[in-house]
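*Asks:* Please read through the structure below; I'll follow up with questions.
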Amino acid sequence: MRKRLLTAAILVATAMAATAQSYETRYERPVHDVMNDVARRFGVRFKFDGNVDTVGKRLTYADFRVRPYSLEMTLDNICKHFDWNWWKQSGNLYKIKLYEYPRRHEQEGKMMLDYLSSLYHNKAEWEARRDTLRREVRQRLELDAFLDSCVLLKDKRGNIVRDKQGRPERPVTLSKIRKHDGYTTQNICIELTPGQHLFGTIYASTKKGKHALIVCPDGHWPMRYRKDEQQRLGTLARMGAACVDFDLYGWGESAQEVGAEAHHTSRAHVYQAACGYILLDWMLSHRNDIDTQRVGVMGGSGGGTHTVLLSLLDERVTASAPVVHLASHFDGGCPCESGKPVQLSGGGTCEPELAAVMAPKPMLIVSDGGDWTSSVPTLEFPFLQRIYAFYNAKDRVRNVHLPNERHDFKENKRQAVYDFFIDVFALDRAMLDESKIEIEPDEALKSLYK
């Protein structure tokens with residue numbers, strides 16, 4: 001009797017479910033139940049990001065969204081209904097997250113590169129596209145409006161102070177020079193907009209003569225005062241370069257002025273781009289030890305985004321090295337990288353195409369197997385090589401891929417950068433010795449400005 005009652009109950013429940021699944025109910029089901037069914041069907045697990053709320057949500061035409069031959073298409077059909085997206089993590093684990101406009105799947109990156117490649121088939125067609133990108137990126141970034149709003153140095157009478165070339169000067173504060181083994185450090189502070197400053201440090205070679213300049217935008221690792229950044233910039237300086245880095249907007253000393261939340265705004269995008277642009281310009285116009293024919297940009301992660309951006313914005317850059325950054329399917333996950341719609345330039349673009357604006361100047365792409373740059377050797381690098389081939393300069397773009405490493409700027413990435421700049425800027429390899437770098441305390445690298 002008990003068995004028959006249980007069977008009857010199951011039949012009733014099945015019948016009720018079947019009744020509920022109709023055109024009139026739009027075949028609605030709780031999304032949580034649907035995802036559980038999909039997990040069982042395909043033998044996978046789902047992890048929901050903390051911002052994804054499934055409580056009380058129902059999915060219309062639920063079972064019709066399932067594609068028995070494709071988990072990915074099934075997830076697309078379900079996630080897009082709620083403005084979610086899915087990402088394969090490892091093994092059979094998939095993460096469900098809110099839609100992110102700067103992040104796409106690798107296959108979408110391939111489709112974008114294939115589309116972009118169809119737009120130009122020779123040097124002339126590419127250069128027409130390149131010029132469009134340069135113009136539109138600058139416009140969408142609103143860089144010129146920002147530069148026009150920047151503070152200029154004035155004398156006691158209120159007149160704008162100008163340099164020997166007649167260009168307006170900016171309010172700049174420099175610390176005393178600190179001497180180390182083969183290089184010096186000096187802090188620089190430039191007032192950009194009223195009450196907001198660029199904070200950075202110059203690492204310069206003590207060798208006589210002209211030095212290569214390398215501007216170093218920072219990424220989202222713990223502050224620019226950290227050990228590996230001092231090692232990297234100090235080592236390049238010992239080998240014969242002058243390097244300069246700067247705080248992210250809303251990080252380090254900048255956070256004391258604008259608060260940490262300011263970093264997660266579109267203003268951070270244009271502000272950090274302006275920092276690199278203004279530092280490059282100041283170093284070239286105010287230091288007599290800079291070789292204007294050897295001007296590089298180099299940064300990792302979010303610093304790689306701004307390496308690409310500065311290389312595009314300023315044609316005086318002669319070599320570029322974005323590290324653990326470049327991907328056709330990721331524009332940078334922070335508003336300081338994608339707060340302004342530069343990726344919509346030219347009817348739609350992506351980081352590899354923006355990087356290609358450097359062609360045929362030397363460029364190094366450092367990638368690894370543990371982040372979004374894992375696709376570089378098979379996807380982004382061949383795309384760049386094709387454009388460099390328009391100039392018969394395919395060998396001027398390089399890729400150092402580290403398949404067993406993750407998202408960082410550790411020894412092997414730094415070594416790749418050293419090798420690149422030794423080659424293209426004729427730096428002195430005999431001075432390559434990170435143990436000679438004096439790691440200064442955080443406070444020493446901060447500006448005199450309070």
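Residue numbering restarts at 1 for every chain of the structure tokens, chains are lettered A, B, ... in their displayed order, and ligands are numbered from 1 as they appear.
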Find the spatial neighbours of segment 351-362 of chain A, counting only C-alpha atoms, within a cut-off of 9 Å - ignore same-chain residues fewer than 5 positions away - and output them as JSON, numbers by chain.
*Replies:* {"A": [113, 116, 127, 130, 131, 133, 134, 305, 307, 308, 309, 311, 312, 315, 317, 318, 319, 320, 321, 322, 325, 326, 327, 328, 329, 330, 331, 343, 380, 381, 383, 384, 387, 388, 389, 390, 391, 392, 393, 394, 395, 396, 397, 398, 420, 424]}
*Asks:* For the residues in that selection, give me C-alpha atoms as an mmCIF file, in the first residue's frame.
*Replies:*
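Now in result_22.cif:
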```
data_model
loop_
_atom_site.group_PDB
_atom_site.id
_atom_site.type_symbol
_atom_site.label_atom_id
_atom_site.label_comp_id
_atom_site.auth_asym_id
_atom_site.auth_seq_id
_atom_site.Cartn_x
_atom_site.Cartn_y
_atom_site.Cartn_z
ATOM 1 C CA LEU A 113 40.731 39.120 -35.113
ATOM 2 C CA LEU A 116 39.749 42.841 -38.329
ATOM 3 C CA GLU A 127 47.841 52.497 -42.278
ATOM 4 C CA ARG A 130 45.823 52.779 -38.042
ATOM 5 C CA ASP A 131 45.283 56.507 -38.499
ATOM 6 C CA LEU A 133 42.325 54.205 -34.598
ATOM 7 C CA ARG A 134 44.807 56.831 -33.396
ATOM 8 C CA THR A 305 46.921 48.202 -20.997
ATOM 9 C CA THR A 307 51.644 50.515 -22.279
ATOM 10 C CA VAL A 308 49.543 49.805 -25.360
ATOM 11 C CA LEU A 309 47.616 53.055 -24.930
ATOM 12 C CA SER A 311 52.400 53.617 -27.454
ATOM 13 C CA LEU A 312 49.363 54.431 -29.587
ATOM 14 C CA GLU A 315 54.446 58.514 -31.811
ATOM 15 C CA VAL A 317 57.602 55.883 -28.458
ATOM 16 C CA THR A 318 60.066 53.630 -30.307
ATOM 17 C CA ALA A 319 59.668 50.312 -28.426
ATOM 18 C CA SER A 320 56.859 48.739 -26.434
ATOM 19 C CA ALA A 321 56.634 45.794 -24.005
ATOM 20 C CA PRO A 322 53.176 44.934 -22.615
ATOM 21 C CA HIS A 325 48.157 41.755 -20.683
ATOM 22 C CA LEU A 326 47.506 41.313 -24.383
ATOM 23 C CA ALA A 327 44.384 39.380 -25.421
ATOM 24 C CA SER A 328 41.767 39.762 -28.122
ATOM 25 C CA HIS A 329 39.027 38.681 -25.716
ATOM 26 C CA PHE A 330 39.826 40.920 -22.736
ATOM 27 C CA ASP A 331 40.114 44.712 -22.643
ATOM 28 C CA GLN A 343 37.374 49.697 -27.806
ATOM 29 C CA GLU A 380 47.215 37.285 -30.898
ATOM 30 C CA PHE A 381 50.873 36.853 -31.872
ATOM 31 C CA PHE A 383 47.756 38.512 -35.872
ATOM 32 C CA LEU A 384 50.533 40.947 -34.959
ATOM 33 C CA ILE A 387 50.634 43.331 -39.700
ATOM 34 C CA TYR A 388 54.388 43.593 -39.115
ATOM 35 C CA ALA A 389 54.858 41.579 -42.311
ATOM 36 C CA PHE A 390 53.306 44.486 -44.234
ATOM 37 C CA TYR A 391 56.581 46.290 -43.411
ATOM 38 C CA ASN A 392 58.822 43.246 -43.958
ATOM 39 C CA ALA A 393 59.474 43.496 -40.215
ATOM 40 C CA LYS A 394 57.942 40.303 -38.877
ATOM 41 C CA ASP A 395 60.985 39.722 -36.665
ATOM 42 C CA ARG A 396 60.461 43.016 -34.814
ATOM 43 C CA VAL A 397 57.480 41.709 -32.872
ATOM 44 C CA ARG A 398 58.351 39.005 -30.348
ATOM 45 C CA PHE A 420 64.355 42.901 -25.091
ATOM 46 C CA VAL A 424 66.632 47.163 -29.008
#
```
*Asks:* Can you pull out every residue within 10 Å of Gly182 of chain A, counting only C-alpha atoms, but drop anything in the same chain fewer than 3 positions away, and send it as an mmCIF file with all heavy atoms, in the first residue's frame?
*Replies:*
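Output file part.cif follows:
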```cif
data_model
loop_
_atom_site.group_PDB
_atom_site.id
_atom_site.type_symbol
_atom_site.label_atom_id
_atom_site.label_comp_id
_atom_site.auth_asym_id
_atom_site.auth_seq_id
_atom_site.Cartn_x
_atom_site.Cartn_y
_atom_site.Cartn_z
ATOM 1 N N LYS A 179 71.595 58.297 -4.264
ATOM 2 C CA LYS A 179 72.575 57.547 -5.046
ATOM 3 C C LYS A 179 72.629 56.080 -4.613
ATOM 4 O O LYS A 179 72.587 55.759 -3.422
ATOM 5 C CB LYS A 179 73.956 58.187 -4.902
ATOM 6 C CG LYS A 179 74.024 59.603 -5.478
ATOM 7 C CD LYS A 179 75.426 60.192 -5.347
ATOM 8 C CE LYS A 179 75.483 61.593 -5.950
ATOM 9 N NZ LYS A 179 76.850 62.190 -5.843
ATOM 10 N N ALA A 204 67.509 56.474 -12.682
ATOM 11 C CA ALA A 204 68.378 56.909 -13.772
ATOM 12 C C ALA A 204 69.783 56.327 -13.651
ATOM 13 O O ALA A 204 70.337 56.202 -12.559
ATOM 14 C CB ALA A 204 68.458 58.431 -13.816
ATOM 15 N N SER A 205 70.355 56.006 -14.793
ATOM 16 C CA SER A 205 71.717 55.488 -14.853
ATOM 17 C C SER A 205 72.717 56.566 -14.443
ATOM 18 O O SER A 205 72.516 57.755 -14.701
ATOM 19 C CB SER A 205 72.025 55.020 -16.277
ATOM 20 O OG SER A 205 73.383 54.686 -16.415
ATOM 21 N N THR A 206 73.795 56.132 -13.800
ATOM 22 C CA THR A 206 74.860 57.073 -13.448
ATOM 23 C C THR A 206 75.920 57.167 -14.542
ATOM 24 O O THR A 206 76.892 57.923 -14.413
ATOM 25 C CB THR A 206 75.539 56.648 -12.129
ATOM 26 O OG1 THR A 206 76.005 55.304 -12.251
ATOM 27 C CG2 THR A 206 74.573 56.755 -10.961
ATOM 28 N N LYS A 207 75.737 56.393 -15.615
ATOM 29 C CA LYS A 207 76.690 56.464 -16.717
ATOM 30 C C LYS A 207 76.592 57.821 -17.415
ATOM 31 O O LYS A 207 75.523 58.418 -17.485
ATOM 32 C CB LYS A 207 76.396 55.365 -17.733
ATOM 33 C CG LYS A 207 76.708 53.962 -17.248
ATOM 34 C CD LYS A 207 76.462 52.945 -18.367
ATOM 35 C CE LYS A 207 76.850 51.551 -17.939
ATOM 36 N NZ LYS A 207 76.642 50.558 -19.017
ATOM 37 N N GLY A 234 65.282 49.601 -11.310
ATOM 38 C CA GLY A 234 66.665 49.842 -10.924
ATOM 39 C C GLY A 234 67.645 49.100 -11.817
ATOM 40 O O GLY A 234 68.696 49.629 -12.193
ATOM 41 N N THR A 235 67.303 47.869 -12.175
ATOM 42 C CA THR A 235 68.185 47.078 -13.041
ATOM 43 C C THR A 235 68.280 47.690 -14.431
ATOM 44 O O THR A 235 69.376 47.786 -15.013
ATOM 45 C CB THR A 235 67.679 45.626 -13.126
ATOM 46 O OG1 THR A 235 67.684 45.047 -11.819
ATOM 47 C CG2 THR A 235 68.548 44.793 -14.057
ATOM 48 N N ALA A 237 67.890 50.775 -15.110
ATOM 49 C CA ALA A 237 68.685 51.999 -14.956
ATOM 50 C C ALA A 237 70.178 51.671 -14.886
ATOM 51 O O ALA A 237 71.003 52.333 -15.519
ATOM 52 C CB ALA A 237 68.240 52.754 -13.711
ATOM 53 N N ARG A 238 70.560 50.645 -14.131
ATOM 54 C CA ARG A 238 71.966 50.257 -14.041
ATOM 55 C C ARG A 238 72.528 49.897 -15.420
ATOM 56 O O ARG A 238 73.707 50.124 -15.706
ATOM 57 C CB ARG A 238 72.147 49.057 -13.106
ATOM 58 C CG ARG A 238 71.921 49.364 -11.638
ATOM 59 C CD ARG A 238 72.303 48.185 -10.765
ATOM 60 N NE ARG A 238 73.743 48.144 -10.507
ATOM 61 C CZ ARG A 238 74.571 47.225 -10.966
ATOM 62 N NH1 ARG A 238 74.140 46.249 -11.745
ATOM 63 N NH2 ARG A 238 75.871 47.273 -10.674
ATOM 64 N N MET A 239 71.674 49.337 -16.274
ATOM 65 C CA MET A 239 72.136 48.929 -17.605
ATOM 66 C C MET A 239 72.179 50.084 -18.592
ATOM 67 O O MET A 239 72.594 49.901 -19.738
ATOM 68 C CB MET A 239 71.240 47.806 -18.137
ATOM 69 C CG MET A 239 71.370 46.509 -17.356
ATOM 70 S SD MET A 239 70.596 45.092 -18.189
ATOM 71 C CE MET A 239 68.871 45.536 -18.112
ATOM 72 N N GLY A 240 71.728 51.274 -18.178
ATOM 73 C CA GLY A 240 71.882 52.425 -19.055
ATOM 74 C C GLY A 240 70.615 53.152 -19.439
ATOM 75 O O GLY A 240 70.616 53.939 -20.387
ATOM 76 N N MET A 431 75.769 44.846 -16.652
ATOM 77 C CA MET A 431 75.250 45.492 -15.442
ATOM 78 C C MET A 431 73.951 44.855 -14.956
ATOM 79 O O MET A 431 73.316 45.361 -14.035
ATOM 80 C CB MET A 431 75.028 46.978 -15.711
ATOM 81 C CG MET A 431 76.301 47.747 -15.996
ATOM 82 S SD MET A 431 77.408 47.813 -14.554
ATOM 83 C CE MET A 431 76.577 49.043 -13.556
ATOM 84 N N LYS A 436 72.078 43.936 -6.870
ATOM 85 C CA LYS A 436 72.694 45.230 -6.636
ATOM 86 C C LYS A 436 71.658 46.324 -6.341
ATOM 87 O O LYS A 436 72.034 47.460 -6.013
ATOM 88 C CB LYS A 436 73.522 45.660 -7.850
ATOM 89 C CG LYS A 436 74.671 44.709 -8.201
ATOM 90 C CD LYS A 436 75.749 44.723 -7.146
ATOM 91 C CE LYS A 436 76.953 43.890 -7.580
ATOM 92 N NZ LYS A 436 78.014 43.893 -6.545
ATOM 93 N N ILE A 437 70.379 45.982 -6.467
ATOM 94 C CA ILE A 437 69.340 46.989 -6.293
ATOM 95 C C ILE A 437 69.024 47.173 -4.812
ATOM 96 O O ILE A 437 68.735 46.204 -4.102
ATOM 97 C CB ILE A 437 68.062 46.607 -7.059
ATOM 98 C CG1 ILE A 437 68.378 46.378 -8.535
ATOM 99 C CG2 ILE A 437 66.988 47.681 -6.879
ATOM 100 C CD1 ILE A 437 69.081 47.533 -9.228
#
```
*Asks:* Hey, what's within 12 Å of Gly43 of chain A if we count only C-alpha atoms and toss same-chain stuff fewer than 6 positions away? As a list in words, please?
*Replies:*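 Final neighbour list, sorted by chain and number: Met35, Asn36, Asp37, Leu71, Gly91, Asn92, Leu93 and Tyr94 of chain A.
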*Asks:* DSSP on the backbone, then: every residue of segment 385-430 of chain A marked helix (DSSP H, G or I), written as a PDB file with N, CA and C atoms, in the first residue's frame.
*Replies:*
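Okay, this is what ended up in result.pdb:
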```pdb
ATOM      1  N   GLN A 385      52.032  39.477 -36.147  1.00  0.00           N
ATOM      2  CA  GLN A 385      53.048  39.156 -37.156  1.00  0.00           C
ATOM      3  C   GLN A 385      52.569  39.503 -38.558  1.00  0.00           C
ATOM      4  N   ARG A 386      51.305  39.253 -38.819  1.00  0.00           N
ATOM      5  CA  ARG A 386      50.754  39.558 -40.156  1.00  0.00           C
ATOM      6  C   ARG A 386      50.869  41.047 -40.460  1.00  0.00           C
ATOM      7  N   ILE A 387      50.554  41.888 -39.472  1.00  0.00           N
ATOM      8  CA  ILE A 387      50.634  43.331 -39.700  1.00  0.00           C
ATOM      9  C   ILE A 387      52.082  43.773 -39.824  1.00  0.00           C
ATOM     10  N   TYR A 388      52.967  43.257 -39.000  1.00  0.00           N
ATOM     11  CA  TYR A 388      54.388  43.593 -39.115  1.00  0.00           C
ATOM     12  C   TYR A 388      54.959  43.134 -40.457  1.00  0.00           C
ATOM     13  N   ALA A 389      54.388  42.071 -41.008  1.00  0.00           N
ATOM     14  CA  ALA A 389      54.858  41.579 -42.311  1.00  0.00           C
ATOM     15  C   ALA A 389      54.560  42.576 -43.427  1.00  0.00           C
ATOM     16  N   LYS A 394      58.577  41.322 -39.716  1.00  0.00           N
ATOM     17  CA  LYS A 394      57.942  40.303 -38.877  1.00  0.00           C
ATOM     18  C   LYS A 394      58.776  39.965 -37.647  1.00  0.00           C
ATOM     19  N   ASP A 395      60.099  40.093 -37.778  1.00  0.00           N
ATOM     20  CA  ASP A 395      60.985  39.722 -36.665  1.00  0.00           C
ATOM     21  C   ASP A 395      61.048  40.795 -35.581  1.00  0.00           C
ATOM     22  N   ARG A 396      60.406  41.940 -35.798  1.00  0.00           N
ATOM     23  CA  ARG A 396      60.461  43.016 -34.814  1.00  0.00           C
ATOM     24  C   ARG A 396      59.382  42.881 -33.742  1.00  0.00           C
ATOM     25  N   GLU A 411      60.578  36.660 -11.912  1.00  0.00           N
ATOM     26  CA  GLU A 411      61.912  36.682 -12.511  1.00  0.00           C
ATOM     27  C   GLU A 411      61.929  36.459 -14.025  1.00  0.00           C
ATOM     28  N   ASN A 412      61.220  35.448 -14.512  1.00  0.00           N
ATOM     29  CA  ASN A 412      61.297  35.124 -15.934  1.00  0.00           C
ATOM     30  C   ASN A 412      60.676  36.217 -16.800  1.00  0.00           C
ATOM     31  N   LYS A 413      59.629  36.867 -16.286  1.00  0.00           N
ATOM     32  CA  LYS A 413      59.046  37.983 -17.035  1.00  0.00           C
ATOM     33  C   LYS A 413      59.999  39.168 -17.052  1.00  0.00           C
ATOM     34  N   ARG A 414      60.604  39.430 -15.910  1.00  0.00           N
ATOM     35  CA  ARG A 414      61.561  40.546 -15.869  1.00  0.00           C
ATOM     36  C   ARG A 414      62.747  40.255 -16.792  1.00  0.00           C
ATOM     37  N   GLN A 415      63.210  39.010 -16.808  1.00  0.00           N
ATOM     38  CA  GLN A 415      64.337  38.651 -17.669  1.00  0.00           C
ATOM     39  C   GLN A 415      63.993  38.866 -19.135  1.00  0.00           C
ATOM     40  N   ALA A 416      62.770  38.529 -19.514  1.00  0.00           N
ATOM     41  CA  ALA A 416      62.344  38.741 -20.902  1.00  0.00           C
ATOM     42  C   ALA A 416      62.390  40.224 -21.264  1.00  0.00           C
ATOM     43  N   VAL A 417      61.979  41.060 -20.325  1.00  0.00           N
ATOM     44  CA  VAL A 417      62.011  42.512 -20.542  1.00  0.00           C
ATOM     45  C   VAL A 417      63.448  43.005 -20.646  1.00  0.00           C
ATOM     46  N   TYR A 418      64.308  42.524 -19.760  1.00  0.00           N
ATOM     47  CA  TYR A 418      65.719  42.934 -19.827  1.00  0.00           C
ATOM     48  C   TYR A 418      66.322  42.558 -21.180  1.00  0.00           C
ATOM     49  N   ASP A 419      66.095  41.318 -21.608  1.00  0.00           N
ATOM     50  CA  ASP A 419      66.672  40.858 -22.877  1.00  0.00           C
ATOM     51  C   ASP A 419      66.192  41.724 -24.041  1.00  0.00           C
ATOM     52  N   PHE A 420      64.930  42.094 -24.013  1.00  0.00           N
ATOM     53  CA  PHE A 420      64.355  42.901 -25.091  1.00  0.00           C
ATOM     54  C   PHE A 420      65.006  44.278 -25.154  1.00  0.00           C
ATOM     55  N   PHE A 421      65.074  44.959 -24.026  1.00  0.00           N
ATOM     56  CA  PHE A 421      65.624  46.318 -24.054  1.00  0.00           C
ATOM     57  C   PHE A 421      67.142  46.321 -24.210  1.00  0.00           C
ATOM     58  N   ILE A 422      67.810  45.269 -23.771  1.00  0.00           N
ATOM     59  CA  ILE A 422      69.245  45.145 -24.070  1.00  0.00           C
ATOM     60  C   ILE A 422      69.449  45.108 -25.579  1.00  0.00           C
ATOM     61  N   ASP A 423      68.581  44.392 -26.248  1.00  0.00           N
ATOM     62  CA  ASP A 423      68.694  44.234 -27.698  1.00  0.00           C
ATOM     63  C   ASP A 423      68.322  45.514 -28.438  1.00  0.00           C
ATOM     64  N   VAL A 424      67.119  46.046 -28.180  1.00  0.00           N
ATOM     65  CA  VAL A 424      66.632  47.163 -29.008  1.00  0.00           C
ATOM     66  C   VAL A 424      67.205  48.508 -28.597  1.00  0.00           C
ATOM     67  N   PHE A 425      67.651  48.645 -27.318  1.00  0.00           N
ATOM     68  CA  PHE A 425      68.193  49.927 -26.856  1.00  0.00           C
ATOM     69  C   PHE A 425      69.688  49.857 -26.537  1.00  0.00           C
ATOM     70  N   ARG A 429      74.420  44.588 -20.807  1.00  0.00           N
ATOM     71  CA  ARG A 429      74.063  43.349 -20.129  1.00  0.00           C
ATOM     72  C   ARG A 429      74.999  43.058 -18.935  1.00  0.00           C
ATOM     73  N   ALA A 430      76.205  43.547 -18.984  1.00  0.00           N
ATOM     74  CA  ALA A 430      77.150  43.288 -17.894  1.00  0.00           C
ATOM     75  C   ALA A 430      76.679  43.888 -16.575  1.00  0.00           C
TER      76      ALA A 430
END
```
*Asks:* Could you give me the residues within segment 175-318 of chain A that DSSP places in strand (DSSP E or B), as a VMD selection string?
*Replies:* chain A and resid 178 to 179 183 to 193 196 to 205 211 to 216 241 to 246 290 to 300
*Asks:* Do you have, as a Markdown table, the list of residues of segment 330-425 of chain A lying at most 10 Å from segment 136-157 of chain A, each with its nearest atom pair and that distance in Å to one decimal, counting only C-alpha atoms and ordered by chain then number?
*Replies:*
```
| residue | atom | partner | partner_atom | distance |
| --- | --- | --- | --- | --- |
| A:Ser338 | CA | A:Leu141 | CA | 9.6 |
| A:Gly339 | CA | A:Leu141 | CA | 8.7 |
| A:Lys340 | CA | A:Leu141 | CA | 5.5 |
| A:Pro341 | CA | A:Arg140 | CA | 6.0 |
| A:Val342 | CA | A:Val137 | CA | 5.1 |
| A:Gln343 | CA | A:Val137 | CA | 7.8 |
| A:Leu344 | CA | A:Val137 | CA | 8.4 |
| A:Ser345 | CA | A:Glu136 | CA | 5.4 |
| A:Gly346 | CA | A:Glu136 | CA | 6.9 |
| A:Gly347 | CA | A:Glu136 | CA | 9.8 |
| A:Leu354 | CA | A:Val137 | CA | 9.1 |
```
*Asks:* Could you please take those selected residues and save C-alpha atoms as a compact mmCIF listing (two decimals), in the first residue's frame?
*Replies:*
```txt
# COMPACT_ATOMS: atom_id res chain seq x y z
CA SER A 338 38.25 50.42 -20.05
CA GLY A 339 36.32 53.26 -18.41
CA LYS A 340 36.31 55.23 -21.65
CA PRO A 341 34.94 53.45 -24.75
CA VAL A 342 38.19 53.28 -26.71
CA GLN A 343 37.37 49.70 -27.81
CA LEU A 344 34.52 51.07 -29.94
CA SER A 345 36.98 53.03 -32.10
CA GLY A 346 36.97 52.28 -35.80
CA GLY A 347 33.65 50.48 -35.55
CA LEU A 354 45.62 48.78 -30.78
```
*Asks:* Which is closer to Ala274 of chain A than all the others in A:Cys216, A:Leu402, A:Ile365, A:Leu310, using only C-alpha atoms?
*Replies:*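 Closest residue, counting only C-alpha atoms: A:Leu310.
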